[in-house]
$ cat structure29.cif   # mmCIF, C-alpha atoms and all ligand atoms
data_query
loop_
_atom_site.label_atom_id
_atom_site.label_comp_id
_atom_site.auth_asym_id
_atom_site.auth_seq_id
_atom_site.Cartn_x
_atom_site.Cartn_y
_atom_site.Cartn_z
CA MET A 1 -11.32 -9.10 -41.10
CA ALA A 2 -15.04 -9.78 -40.87
CA PRO A 3 -17.08 -8.76 -43.92
CA LYS A 4 -18.86 -5.39 -43.96
CA GLU A 5 -22.64 -5.55 -43.51
CA ALA A 6 -23.73 -1.97 -43.92
CA ASP A 7 -22.29 1.48 -43.65
CA VAL A 8 -24.49 3.85 -41.68
CA ASN A 9 -23.39 7.35 -40.59
CA GLY A 10 -19.75 6.47 -40.96
CA VAL A 11 -20.12 3.39 -38.75
CA LEU A 12 -19.27 0.05 -40.31
CA PHE A 13 -21.44 -2.85 -39.21
CA GLU A 14 -19.64 -6.16 -39.34
CA SER A 15 -20.93 -9.69 -39.48
CA ASP A 16 -19.45 -12.31 -37.19
CA ALA A 17 -19.79 -14.96 -39.87
CA THR A 18 -16.02 -14.94 -39.89
CA THR A 19 -14.13 -13.72 -36.86
CA PRO A 20 -11.05 -11.50 -37.20
CA ASP A 21 -7.72 -13.21 -36.79
CA MET A 22 -7.10 -11.80 -33.34
CA ALA A 23 -10.41 -13.20 -32.03
CA LEU A 24 -9.88 -16.81 -33.04
CA PRO A 25 -10.09 -19.07 -30.01
CA THR A 26 -7.56 -21.90 -29.67
CA THR A 27 -7.61 -25.05 -27.60
CA PRO A 28 -6.13 -24.21 -24.21
CA VAL A 29 -2.88 -26.07 -23.55
CA GLN A 30 -2.14 -25.98 -19.82
CA GLN A 31 1.60 -26.35 -19.40
CA ALA A 32 2.17 -23.38 -17.12
CA ASP A 33 3.04 -25.51 -14.07
CA ASN A 34 5.83 -27.31 -15.93
CA TYR A 35 7.35 -24.08 -17.18
CA PRO A 36 10.34 -22.96 -15.10
CA LYS A 37 9.53 -19.35 -14.17
CA LYS A 38 12.46 -16.95 -14.42
CA LEU A 39 11.90 -14.06 -12.02
CA VAL A 40 12.92 -10.60 -13.22
CA TRP A 41 14.24 -8.97 -10.03
CA ARG A 42 14.59 -5.52 -11.60
CA ASN A 43 10.81 -5.43 -12.20
CA ILE A 44 9.97 -6.95 -8.80
CA LEU A 45 11.99 -4.28 -6.98
CA LEU A 46 10.76 -1.39 -9.14
CA PHE A 47 7.08 -2.39 -8.80
CA ALA A 48 7.52 -2.90 -5.03
CA TYR A 49 9.02 0.59 -4.72
CA LEU A 50 6.33 2.11 -6.97
CA HIS A 51 3.48 0.64 -4.95
CA LEU A 52 4.93 1.61 -1.56
CA ALA A 53 5.65 5.15 -2.76
CA ALA A 54 2.19 5.35 -4.37
CA LEU A 55 0.53 4.39 -1.08
CA TYR A 56 2.23 7.37 0.54
CA GLY A 57 1.31 9.41 -2.57
CA GLY A 58 -2.36 8.46 -2.00
CA TYR A 59 -2.09 9.78 1.56
CA LEU A 60 -0.55 13.04 0.28
CA PHE A 61 -3.29 13.27 -2.40
CA LEU A 62 -5.90 13.25 0.37
CA PHE A 63 -4.21 15.25 3.13
CA SER A 64 -1.31 17.36 1.89
CA ALA A 65 -1.18 18.24 -1.82
CA LYS A 66 -2.67 21.47 -3.18
CA TRP A 67 -6.06 21.15 -4.84
CA GLN A 68 -4.45 22.13 -8.17
CA THR A 69 -2.09 19.14 -7.88
CA ASP A 70 -5.00 16.77 -7.22
CA ILE A 71 -6.93 18.08 -10.23
CA PHE A 72 -3.78 17.91 -12.36
CA ALA A 73 -3.27 14.25 -11.30
CA TYR A 74 -6.88 13.50 -12.23
CA ILE A 75 -6.50 15.17 -15.66
CA LEU A 76 -3.31 13.14 -16.23
CA TYR A 77 -5.24 10.01 -15.26
CA ILE A 78 -7.87 10.71 -17.94
CA MET A 79 -5.28 11.67 -20.58
CA SER A 80 -3.02 8.67 -20.00
CA GLY A 81 -6.08 6.41 -19.69
CA LEU A 82 -7.31 7.54 -23.12
CA GLY A 83 -3.82 6.91 -24.52
CA ILE A 84 -4.35 3.28 -23.54
CA THR A 85 -8.09 2.82 -24.24
CA ALA A 86 -8.67 4.94 -27.38
CA GLY A 87 -5.06 4.61 -28.57
CA ALA A 88 -3.18 1.38 -27.81
CA HIS A 89 -6.31 -0.72 -27.37
CA ARG A 90 -9.12 0.32 -29.71
CA LEU A 91 -7.07 2.01 -32.46
CA TRP A 92 -3.75 0.18 -32.62
CA ALA A 93 -4.35 -3.31 -31.19
CA HIS A 94 -7.81 -3.82 -32.74
CA LYS A 95 -7.96 -1.35 -35.64
CA SER A 96 -11.62 -0.85 -34.64
CA TYR A 97 -11.60 2.65 -36.18
CA LYS A 98 -9.27 4.83 -38.20
CA ALA A 99 -7.69 8.11 -37.09
CA LYS A 100 -6.16 11.01 -39.01
CA TRP A 101 -2.61 11.97 -38.05
CA PRO A 102 -3.47 14.82 -35.63
CA LEU A 103 -5.57 12.44 -33.53
CA ARG A 104 -2.90 9.75 -33.75
CA LEU A 105 -0.38 12.32 -32.51
CA ILE A 106 -2.58 13.29 -29.55
CA LEU A 107 -3.10 9.61 -28.72
CA VAL A 108 0.59 8.78 -28.91
CA LEU A 109 1.36 11.70 -26.56
CA PHE A 110 -1.32 10.52 -24.13
CA ASN A 111 -0.04 6.96 -24.51
CA THR A 112 3.49 8.00 -23.58
CA LEU A 113 2.23 9.59 -20.33
CA ALA A 114 0.83 6.17 -19.37
CA PHE A 115 4.17 4.27 -19.54
CA GLN A 116 2.80 0.88 -20.46
CA ASP A 117 5.61 0.37 -22.96
CA SER A 118 5.49 1.57 -26.56
CA ALA A 119 2.11 1.31 -28.31
CA ILE A 120 3.67 -1.16 -30.77
CA ASP A 121 4.74 -3.51 -27.96
CA TRP A 122 1.44 -3.04 -26.10
CA ALA A 123 -0.61 -3.84 -29.21
CA ARG A 124 1.57 -6.87 -30.01
CA ASP A 125 0.97 -8.36 -26.54
CA HIS A 126 -2.72 -7.54 -26.76
CA ARG A 127 -3.15 -9.22 -30.13
CA MET A 128 -1.56 -12.34 -28.60
CA HIS A 129 -3.97 -12.03 -25.65
CA HIS A 130 -6.98 -12.21 -27.98
CA LYS A 131 -5.63 -14.66 -30.53
CA TYR A 132 -4.42 -17.19 -27.92
CA SER A 133 -6.72 -16.17 -25.08
CA GLU A 134 -6.20 -18.17 -21.86
CA THR A 135 -3.48 -20.42 -23.23
CA ASP A 136 0.26 -20.33 -22.54
CA ALA A 137 0.72 -18.02 -25.54
CA ASP A 138 -1.50 -15.37 -23.86
CA PRO A 139 0.89 -12.94 -22.05
CA HIS A 140 -1.44 -12.60 -19.02
CA ASN A 141 -3.16 -15.98 -19.22
CA ALA A 142 -5.94 -15.71 -16.60
CA THR A 143 -6.01 -19.49 -16.04
CA ARG A 144 -2.71 -18.99 -14.17
CA GLY A 145 -4.56 -17.14 -11.40
CA PHE A 146 -5.56 -13.64 -10.35
CA PHE A 147 -2.07 -12.50 -9.33
CA PHE A 148 -0.39 -13.72 -12.52
CA SER A 149 -2.95 -12.03 -14.79
CA HIS A 150 -2.86 -8.81 -12.72
CA THR A 151 0.84 -8.15 -12.10
CA GLY A 152 2.75 -11.43 -12.01
CA TRP A 153 3.14 -11.68 -15.78
CA LEU A 154 5.32 -8.54 -15.73
CA LEU A 155 7.63 -10.03 -13.10
CA VAL A 156 8.75 -13.16 -15.00
CA ARG A 157 10.15 -13.98 -18.44
CA LYS A 158 7.44 -14.73 -20.98
CA HIS A 159 6.32 -18.30 -21.65
CA PRO A 160 8.30 -20.01 -24.48
CA GLU A 161 5.01 -20.88 -26.18
CA LEU A 162 4.22 -17.14 -26.47
CA LYS A 163 7.59 -16.40 -28.06
CA LYS A 164 7.17 -19.33 -30.46
CA LYS A 165 3.62 -18.49 -31.54
CA GLY A 166 4.40 -14.76 -31.49
CA LYS A 167 6.71 -15.18 -34.48
CA GLY A 168 3.62 -15.73 -36.64
CA LEU A 169 1.88 -12.53 -35.55
CA ASP A 170 1.51 -9.82 -38.20
CA ILE A 171 2.21 -6.34 -36.81
CA SER A 172 3.39 -4.77 -40.08
CA ASP A 173 0.46 -2.27 -39.91
CA LEU A 174 1.88 -0.90 -36.64
CA TYR A 175 5.39 -0.47 -38.03
CA ALA A 176 3.89 1.21 -41.11
CA ASP A 177 2.83 4.21 -38.98
CA PRO A 178 5.73 6.71 -38.64
CA ILE A 179 4.19 8.16 -35.48
CA LEU A 180 4.35 4.75 -33.78
CA ARG A 181 7.86 4.09 -35.08
CA PHE A 182 9.00 7.44 -33.67
CA GLN A 183 7.47 6.68 -30.26
CA LYS A 184 9.18 3.27 -30.09
CA LYS A 185 12.54 4.60 -31.27
CA TYR A 186 12.68 7.41 -28.68
CA TYR A 187 10.65 5.70 -25.95
CA LEU A 188 13.40 5.80 -23.33
CA LEU A 189 13.62 9.58 -23.69
CA LEU A 190 9.93 10.40 -24.19
CA MET A 191 8.46 8.11 -21.52
CA PRO A 192 10.42 9.45 -18.48
CA LEU A 193 9.65 12.98 -19.66
CA GLY A 194 5.91 12.33 -20.04
CA CYS A 195 5.28 9.97 -17.14
CA PHE A 196 7.58 11.33 -14.40
CA ILE A 197 9.50 14.56 -15.19
CA LEU A 198 6.81 16.91 -16.57
CA PRO A 199 4.15 15.72 -14.05
CA THR A 200 6.62 16.65 -11.28
CA VAL A 201 7.99 19.91 -12.69
CA ILE A 202 4.65 21.46 -13.78
CA PRO A 203 3.02 21.62 -10.28
CA VAL A 204 6.24 22.99 -8.73
CA TYR A 205 6.67 25.80 -11.27
CA LEU A 206 3.05 26.66 -11.99
CA TRP A 207 1.43 26.63 -8.53
CA ASN A 208 4.32 26.30 -6.11
CA GLU A 209 3.72 22.71 -5.07
CA THR A 210 6.47 20.96 -3.09
CA TRP A 211 8.75 18.61 -5.05
CA SER A 212 7.73 15.61 -2.99
CA ASN A 213 3.98 16.24 -3.31
CA ALA A 214 4.33 16.77 -7.06
CA PHE A 215 6.43 13.63 -7.60
CA LEU A 216 4.51 11.32 -5.27
CA VAL A 217 0.99 12.46 -6.25
CA ALA A 218 1.01 13.56 -9.91
CA ALA A 219 3.66 11.09 -11.06
CA LEU A 220 3.80 7.96 -8.88
CA PHE A 221 0.31 7.77 -7.33
CA ARG A 222 -1.40 8.62 -10.61
CA TYR A 223 0.79 6.10 -12.51
CA ALA A 224 0.20 3.27 -10.02
CA VAL A 225 -3.57 3.83 -10.09
CA ILE A 226 -3.70 3.77 -13.89
CA LEU A 227 -1.58 0.60 -13.99
CA ASN A 228 -3.77 -1.21 -11.50
CA VAL A 229 -7.00 -0.16 -13.19
CA THR A 230 -5.61 -1.45 -16.50
CA TRP A 231 -4.45 -4.69 -14.90
CA LEU A 232 -7.92 -5.19 -13.37
CA VAL A 233 -9.26 -5.71 -16.89
CA ASN A 234 -6.89 -8.69 -17.17
CA SER A 235 -7.58 -10.04 -13.68
CA ALA A 236 -11.00 -9.03 -12.27
CA ALA A 237 -12.78 -8.77 -15.64
CA HIS A 238 -11.44 -12.24 -16.52
CA LYS A 239 -12.90 -13.64 -13.29
CA TRP A 240 -16.01 -11.87 -11.99
CA GLY A 241 -19.18 -10.81 -13.80
CA ASP A 242 -21.92 -11.97 -16.16
CA LYS A 243 -21.38 -13.60 -19.53
CA PRO A 244 -24.34 -12.48 -21.63
CA TYR A 245 -22.62 -13.06 -24.98
CA ASP A 246 -20.45 -16.16 -24.53
CA LYS A 247 -20.57 -18.30 -21.42
CA SER A 248 -17.72 -20.57 -22.58
CA ILE A 249 -14.98 -17.94 -21.94
CA LYS A 250 -13.70 -16.35 -18.72
CA PRO A 251 -13.92 -12.64 -19.74
CA SER A 252 -16.96 -11.09 -18.04
CA GLU A 253 -19.05 -7.92 -17.91
CA ASN A 254 -17.62 -6.09 -14.89
CA LEU A 255 -19.28 -2.77 -14.13
CA SER A 256 -16.86 -1.69 -11.39
CA VAL A 257 -13.88 -2.11 -13.69
CA ALA A 258 -15.67 -0.26 -16.52
CA LEU A 259 -16.34 2.65 -14.18
CA PHE A 260 -12.63 3.29 -13.55
CA ALA A 261 -11.30 2.05 -16.90
CA LEU A 262 -13.12 4.65 -19.04
CA GLY A 263 -15.47 2.00 -20.48
CA GLU A 264 -13.17 -1.01 -20.70
CA GLY A 265 -14.80 -3.52 -18.39
CA PHE A 266 -17.48 -5.03 -20.60
CA HIS A 267 -15.06 -7.79 -21.32
CA ASN A 268 -17.38 -10.65 -22.27
CA TYR A 269 -18.72 -8.49 -25.11
CA HIS A 270 -15.22 -7.35 -26.05
CA HIS A 271 -13.79 -10.87 -26.35
CA THR A 272 -16.88 -11.96 -28.33
CA PHE A 273 -16.83 -8.99 -30.73
CA PRO A 274 -13.29 -7.56 -30.46
CA TRP A 275 -13.58 -5.37 -33.55
CA ASP A 276 -16.37 -3.15 -32.10
CA TYR A 277 -14.88 0.32 -31.42
CA LYS A 278 -17.16 0.71 -28.37
CA THR A 279 -15.73 -2.47 -26.69
CA ALA A 280 -19.29 -2.80 -25.35
CA GLU A 281 -22.80 -3.23 -26.72
CA LEU A 282 -23.78 0.20 -25.41
CA GLY A 283 -21.64 3.24 -26.01
CA ASN A 284 -21.99 6.94 -25.27
CA ASN A 285 -22.89 7.96 -21.73
CA ARG A 286 -23.00 4.35 -20.54
CA LEU A 287 -19.86 4.35 -18.41
CA ASN A 288 -17.93 4.51 -21.66
CA PHE A 289 -16.07 7.80 -21.80
CA THR A 290 -13.64 6.42 -24.38
CA THR A 291 -16.52 5.96 -26.84
CA THR A 292 -17.70 9.53 -26.18
CA PHE A 293 -14.13 10.71 -26.86
CA ILE A 294 -13.90 8.80 -30.19
CA ASN A 295 -17.39 9.98 -31.21
CA PHE A 296 -16.36 13.59 -30.59
CA PHE A 297 -13.38 13.18 -32.94
CA ALA A 298 -15.64 11.44 -35.47
CA LYS A 299 -17.81 14.60 -35.48
CA ILE A 300 -14.84 16.75 -36.48
CA GLY A 301 -13.66 14.15 -39.01
CA TRP A 302 -10.47 13.01 -37.26
CA ALA A 303 -11.88 9.55 -36.42
CA TYR A 304 -13.71 7.53 -39.06
CA ASP A 305 -14.67 4.03 -40.23
CA MET A 306 -15.70 3.00 -36.74
CA LYS A 307 -16.66 -0.67 -36.75
CA THR A 308 -19.51 -2.06 -34.73
CA VAL A 309 -21.88 -5.03 -34.65
CA SER A 310 -25.53 -5.09 -35.75
CA ASP A 311 -28.30 -5.75 -33.18
CA GLU A 312 -29.35 -8.84 -35.10
CA ILE A 313 -25.93 -10.45 -34.83
CA ILE A 314 -25.70 -9.59 -31.13
CA GLN A 315 -29.16 -11.05 -30.44
CA ASN A 316 -28.35 -14.26 -32.33
CA ARG A 317 -25.13 -14.66 -30.42
CA VAL A 318 -26.84 -13.94 -27.08
CA LYS A 319 -29.38 -16.72 -27.79
CA ARG A 320 -26.74 -19.14 -29.03
CA THR A 321 -23.95 -18.81 -26.46
CA GLY A 322 -25.02 -16.34 -23.71
CA ASP A 323 -25.58 -17.24 -20.03
CA GLY A 324 -29.10 -15.74 -19.95
CA SER A 325 -28.09 -12.49 -18.21
CA HIS A 326 -28.39 -10.25 -21.27
CA HIS A 327 -31.63 -8.60 -20.08
CA LEU A 328 -29.65 -7.18 -17.12
CA TRP A 329 -27.34 -5.32 -19.49
CA GLY A 330 -29.85 -3.59 -21.81
CA TRP A 331 -29.92 -0.15 -20.20
CA GLY A 332 -32.73 1.31 -22.28
CA ASP A 333 -32.26 2.63 -25.80
CA LYS A 334 -28.89 2.59 -27.50
CA ASP A 335 -27.16 5.89 -28.25
C1 LIG B 401 2.08 -2.66 -18.48
C2 LIG B 401 1.31 -3.20 -19.62
O1 LIG B 401 1.64 -2.52 -17.38
C3 LIG B 401 -0.13 -3.44 -19.23
C4 LIG B 401 -0.88 -4.02 -20.38
C5 LIG B 401 -2.24 -4.45 -19.94
C6 LIG B 401 -3.09 -4.90 -21.05
C7 LIG B 401 -4.54 -4.80 -20.62
C8 LIG B 401 -5.46 -5.12 -21.73
C9 LIG B 401 -6.90 -4.94 -21.27
C10 LIG B 401 -7.79 -4.31 -22.33
C11 LIG B 401 -7.64 -2.83 -22.42
C12 LIG B 401 -8.12 -2.11 -21.22
C13 LIG B 401 -7.41 -0.82 -21.00
C14 LIG B 401 -7.90 -0.16 -19.72
C15 LIG B 401 -7.12 1.10 -19.43
C16 LIG B 401 -7.77 1.85 -18.34
C17 LIG B 401 -7.17 3.18 -18.14
C18 LIG B 401 -7.99 4.14 -17.15
N1 LIG B 401 4.41 -11.25 -29.72
O2 LIG B 401 8.88 -8.78 -23.69
P1 LIG B 401 10.20 -9.45 -23.87
C19 LIG B 401 9.30 -12.04 -28.33
S1 LIG B 401 3.73 -2.19 -18.83
C20 LIG B 401 5.43 -11.69 -30.44
O3 LIG B 401 11.41 -8.65 -23.48
P2 LIG B 401 10.95 -11.37 -21.82
C21 LIG B 401 10.00 -11.01 -29.22
O4 LIG B 401 10.90 -11.68 -30.07
C22 LIG B 401 4.33 -1.52 -17.34
N2 LIG B 401 6.67 -11.84 -29.94
O5 LIG B 401 10.15 -10.87 -23.12
C23 LIG B 401 10.73 -10.17 -28.20
O6 LIG B 401 11.84 -9.47 -28.73
P3 LIG B 401 11.62 -7.96 -29.36
C24 LIG B 401 5.66 -0.88 -17.55
C25 LIG B 401 6.88 -11.51 -28.67
O7 LIG B 401 12.42 -11.25 -22.00
C26 LIG B 401 11.20 -11.24 -27.22
O8 LIG B 401 10.14 -12.20 -27.19
N3 LIG B 401 6.58 -1.73 -18.26
C27 LIG B 401 5.85 -11.02 -27.87
O9 LIG B 401 10.41 -12.70 -21.50
C28 LIG B 401 11.49 -10.70 -25.83
O10 LIG B 401 10.33 -9.94 -25.40
C29 LIG B 401 7.29 -2.69 -17.65
O11 LIG B 401 7.23 -2.84 -16.45
C30 LIG B 401 4.57 -10.88 -28.44
N4 LIG B 401 3.53 -10.43 -27.74
O12 LIG B 401 10.54 -10.30 -20.69
C31 LIG B 401 8.13 -3.58 -18.54
N5 LIG B 401 6.34 -10.75 -26.65
O13 LIG B 401 10.79 -7.16 -28.36
C32 LIG B 401 7.52 -4.91 -18.42
C33 LIG B 401 7.64 -11.07 -26.69
O14 LIG B 401 13.00 -7.45 -29.53
N6 LIG B 401 8.03 -5.89 -19.35
N7 LIG B 401 7.97 -11.55 -27.90
O15 LIG B 401 10.87 -8.19 -30.63
C34 LIG B 401 9.22 -6.54 -19.21
O16 LIG B 401 10.08 -6.18 -18.41
C35 LIG B 401 9.41 -7.77 -20.06
O17 LIG B 401 8.55 -7.73 -21.18
C36 LIG B 401 9.10 -9.07 -19.23
C37 LIG B 401 9.24 -10.29 -20.17
C38 LIG B 401 10.08 -9.20 -18.08
C39 LIG B 401 7.67 -9.07 -18.68
ZN ZN B 402 -8.86 -6.08 -26.69
ZN ZN B 403 -9.06 -9.93 -21.98
#
$ encode --input "structure29.cif" --output "structure tokens"
Amino acid sequence: MAPKEADVNGVLFESDATTPDMALPTTPVQQADNYPKKLVWRNILLFAYLHLAALYGGYLFLFSAKWQTDIFAYILYIMSGLGITAGAHRLWAHKSYKAKWPLRLILVLFNTLAFQDSAIDWARDHRMHHKYSETDADPHNATRGFFFSHTGWLLVRKHPELKKKGKGLDISDLYADPILRFQKKYYLLLMPLGCFILPTVIPVYLWNETWSNAFLVAALFRYAVILNVTWLVNSAAHKWGDKPYDKSIKPSENLSVALFALGEGFHNYHHTFPWDYKTAELGNNRLNFTTTFINFFAKIGWAYDMKTVSDEIIQNRVKRTGDGSHHLWGWGDKD
């Protein structure tokens, strides 16, 4: 990991003199066209069904479901979103802060509601995404086009280069956590319960919602929205937006994605400084609810050792490799 610079109010400032392993860029090797794609029909059919049912669920959300069901779906959206952003992404994939076991338990519960596979598998793919960004060993290599980076990568077998290079990836820290091991071991029981069964049963029993409204709105519509918002970070935020920190990479600052993704759209910053727990230069109250959430738990002592980057390092990097748009992204004083 990068060396510590200072330790102020529990926040560790890191130098980018050496980049963490998962941030090392590699020379892109474009072999994707030669690679025989093996379609996974089970996933194609399930995602097609999910999206058609979710479209109808969106209609029911607007015109038929009870207001309690709509609010419940929104709360589930925030909870499962945090399970991805504060849990799988910032805590487990990047180790950008540490969490005591009660917070890890909350995050693993939230993460299970999101059904994006176990946090161990999610973090393993995400480490490959950073370490081999935009090469064939990147699971959702954005140089293979918008559709591939958004959904297509989940509809085909992974590239052989990914499986080869993936053997060298160290994920022993993830397996060392009993909470993560438990989630992976019982995933096929816990995930259906958290993502589909409880979200359907709760509205029916607690406020007399119909079965179809509960299933289509709180389970399927909410799940499809969360999936697509997450995938937009891989597709839209690897395509559209400014590059104030490093103009040589595709990841970009995308405000619209950040708005829906609880603060995960400032992707040029994130790929430049992946160890910053804010995943953005600015944190609290700047379209970054995930940072507000982690800061709250830091106040009660459940989150600690949050890593960030000093202003000086950011400014140097902006001057050295930015595209000149940085002034557009300084929204007043930092929190
Ligand atoms: C989903 C995940 O949607 C979305 C992740 C998005 C990430 C976004 C990141 C952006 C930043 C964060 C922003 C968050 C914003 C959130 C906003 C919220 C408001 N390393 O995978 P297999 C090896 S999931 C090392 O089966 P196939 C390994 O040996 C949706 N090795 O490959 C492995 O064996 P094992 C629901 C690796 O057979 C073996 O290969 N889930 C790695 O090619 C086989 O692995 C689904 O739909 C690696 N990374 O199948 C399921 N990977 O595991 C989707 C593989 O035993 N997945 N190996 O060690 C699948 O069905 C399959 O994975 C497949 C590929 C068909 C895609
Ligand atoms: Zn990341
Ligand atoms: Zn990315």
$ closest_residue --input "structure29.cif" --among "A:Asn295, A:Thr230, A:Ser96, A:Ser118" --to "Leu262 of chain A" --atoms "only C-alpha atoms"
A:Thr230
$ residues_near_ligand --input "structure29.cif" --ligand "ligand LIG 401 (chain B)" --cutoff "8 Å" --atoms "all atoms listed in the file" --output "PyMOL selection string"
chain A and resi 39-40+43+47+77-78+80-82+84-85+89+115-117+121-129+139+151+153-159+162-169+226-227+229-234+260-265
$ write_last_selection --input "structure29.cif" --atoms "C-alpha atoms" --output "PDB file, in the frame of the given file"
ATOM      1  CA  LEU A  39      11.900 -14.060 -12.020  1.00  0.00           C
ATOM      2  CA  VAL A  40      12.920 -10.600 -13.220  1.00  0.00           C
ATOM      3  CA  ASN A  43      10.810  -5.430 -12.200  1.00  0.00           C
ATOM      4  CA  PHE A  47       7.080  -2.390  -8.800  1.00  0.00           C
ATOM      5  CA  TYR A  77      -5.240  10.010 -15.260  1.00  0.00           C
ATOM      6  CA  ILE A  78      -7.870  10.710 -17.940  1.00  0.00           C
ATOM      7  CA  SER A  80      -3.020   8.670 -20.000  1.00  0.00           C
ATOM      8  CA  GLY A  81      -6.080   6.410 -19.690  1.00  0.00           C
ATOM      9  CA  LEU A  82      -7.310   7.540 -23.120  1.00  0.00           C
ATOM     10  CA  ILE A  84      -4.350   3.280 -23.540  1.00  0.00           C
ATOM     11  CA  THR A  85      -8.090   2.820 -24.240  1.00  0.00           C
ATOM     12  CA  HIS A  89      -6.310  -0.720 -27.370  1.00  0.00           C
ATOM     13  CA  PHE A 115       4.170   4.270 -19.540  1.00  0.00           C
ATOM     14  CA  GLN A 116       2.800   0.880 -20.460  1.00  0.00           C
ATOM     15  CA  ASP A 117       5.610   0.370 -22.960  1.00  0.00           C
ATOM     16  CA  ASP A 121       4.740  -3.510 -27.960  1.00  0.00           C
ATOM     17  CA  TRP A 122       1.440  -3.040 -26.100  1.00  0.00           C
ATOM     18  CA  ALA A 123      -0.610  -3.840 -29.210  1.00  0.00           C
ATOM     19  CA  ARG A 124       1.570  -6.870 -30.010  1.00  0.00           C
ATOM     20  CA  ASP A 125       0.970  -8.360 -26.540  1.00  0.00           C
ATOM     21  CA  HIS A 126      -2.720  -7.540 -26.760  1.00  0.00           C
ATOM     22  CA  ARG A 127      -3.150  -9.220 -30.130  1.00  0.00           C
ATOM     23  CA  MET A 128      -1.560 -12.340 -28.600  1.00  0.00           C
ATOM     24  CA  HIS A 129      -3.970 -12.030 -25.650  1.00  0.00           C
ATOM     25  CA  PRO A 139       0.890 -12.940 -22.050  1.00  0.00           C
ATOM     26  CA  THR A 151       0.840  -8.150 -12.100  1.00  0.00           C
ATOM     27  CA  TRP A 153       3.140 -11.680 -15.780  1.00  0.00           C
ATOM     28  CA  LEU A 154       5.320  -8.540 -15.730  1.00  0.00           C
ATOM     29  CA  LEU A 155       7.630 -10.030 -13.100  1.00  0.00           C
ATOM     30  CA  VAL A 156       8.750 -13.160 -15.000  1.00  0.00           C
ATOM     31  CA  ARG A 157      10.150 -13.980 -18.440  1.00  0.00           C
ATOM     32  CA  LYS A 158       7.440 -14.730 -20.980  1.00  0.00           C
ATOM     33  CA  HIS A 159       6.320 -18.300 -21.650  1.00  0.00           C
ATOM     34  CA  LEU A 162       4.220 -17.140 -26.470  1.00  0.00           C
ATOM     35  CA  LYS A 163       7.590 -16.400 -28.060  1.00  0.00           C
ATOM     36  CA  LYS A 164       7.170 -19.330 -30.460  1.00  0.00           C
ATOM     37  CA  LYS A 165       3.620 -18.490 -31.540  1.00  0.00           C
ATOM     38  CA  GLY A 166       4.400 -14.760 -31.490  1.00  0.00           C
ATOM     39  CA  LYS A 167       6.710 -15.180 -34.480  1.00  0.00           C
ATOM     40  CA  GLY A 168       3.620 -15.730 -36.640  1.00  0.00           C
ATOM     41  CA  LEU A 169       1.880 -12.530 -35.550  1.00  0.00           C
ATOM     42  CA  ILE A 226      -3.700   3.770 -13.890  1.00  0.00           C
ATOM     43  CA  LEU A 227      -1.580   0.600 -13.990  1.00  0.00           C
ATOM     44  CA  VAL A 229      -7.000  -0.160 -13.190  1.00  0.00           C
ATOM     45  CA  THR A 230      -5.610  -1.450 -16.500  1.00  0.00           C
ATOM     46  CA  TRP A 231      -4.450  -4.690 -14.900  1.00  0.00           C
ATOM     47  CA  LEU A 232      -7.920  -5.190 -13.370  1.00  0.00           C
ATOM     48  CA  VAL A 233      -9.260  -5.710 -16.890  1.00  0.00           C
ATOM     49  CA  ASN A 234      -6.890  -8.690 -17.170  1.00  0.00           C
ATOM     50  CA  PHE A 260     -12.630   3.290 -13.550  1.00  0.00           C
ATOM     51  CA  ALA A 261     -11.300   2.050 -16.900  1.00  0.00           C
ATOM     52  CA  LEU A 262     -13.120   4.650 -19.040  1.00  0.00           C
ATOM     53  CA  GLY A 263     -15.470   2.000 -20.480  1.00  0.00           C
ATOM     54  CA  GLU A 264     -13.170  -1.010 -20.700  1.00  0.00           C
ATOM     55  CA  GLY A 265     -14.800  -3.520 -18.390  1.00  0.00           C
TER      56      GLY A 265
END
$ closest_residue --input "structure29.cif" --among "A:Lys37, A:His267, A:Arg90, A:Lys95" --to "ligand ZN 403 (chain B)" --atoms "all atoms listed in the file"
A:His267
$ residues_near_ligand --input "structure29.cif" --ligand "ligand ZN 402 (chain B)" --cutoff "7 Å" --atoms "all atoms listed in the file" --output "PyMOL selection string"
chain A and resi 89+93-94+126+130+270-271+274
$ closest_residue --input "structure29.cif" --among "A:Lys185, A:Lys243, A:Lys250, A:Arg222" --to "ligand ZN 403 (chain B)" --atoms "only C-alpha atoms and all ligand atoms"
A:Lys250
$ atom_distance --input "structure29.cif" --atom1 "atom ZN of ligand ZN 403 (chain B)" --atom2 "atom CA of Trp275 of chain A"
13.2 Å
$ closest_residue --input "structure29.cif" --among "A:Arg42, A:Arg144, A:Lys98, A:Arg104" --to "Gly83 of chain A" --atoms "only C-alpha atoms"
A:Arg104
$ closest_residue --input "structure29.cif" --among "A:Ile314, A:Leu180, A:Pro160, A:Tyr269" --to "Tyr35 of chain A" --atoms "all atoms listed in the file"
A:Pro160
$ axis_aligned_box --input "structure29.cif" --around "segment 170-181 of chain A" --padding-each-side "8 Å" --output "JSON"
{"center_x": 4.2, "center_y": -0.8, "center_z": -37.4, "size_x": 23.4, "size_y": 34.0, "size_z": 23.3}
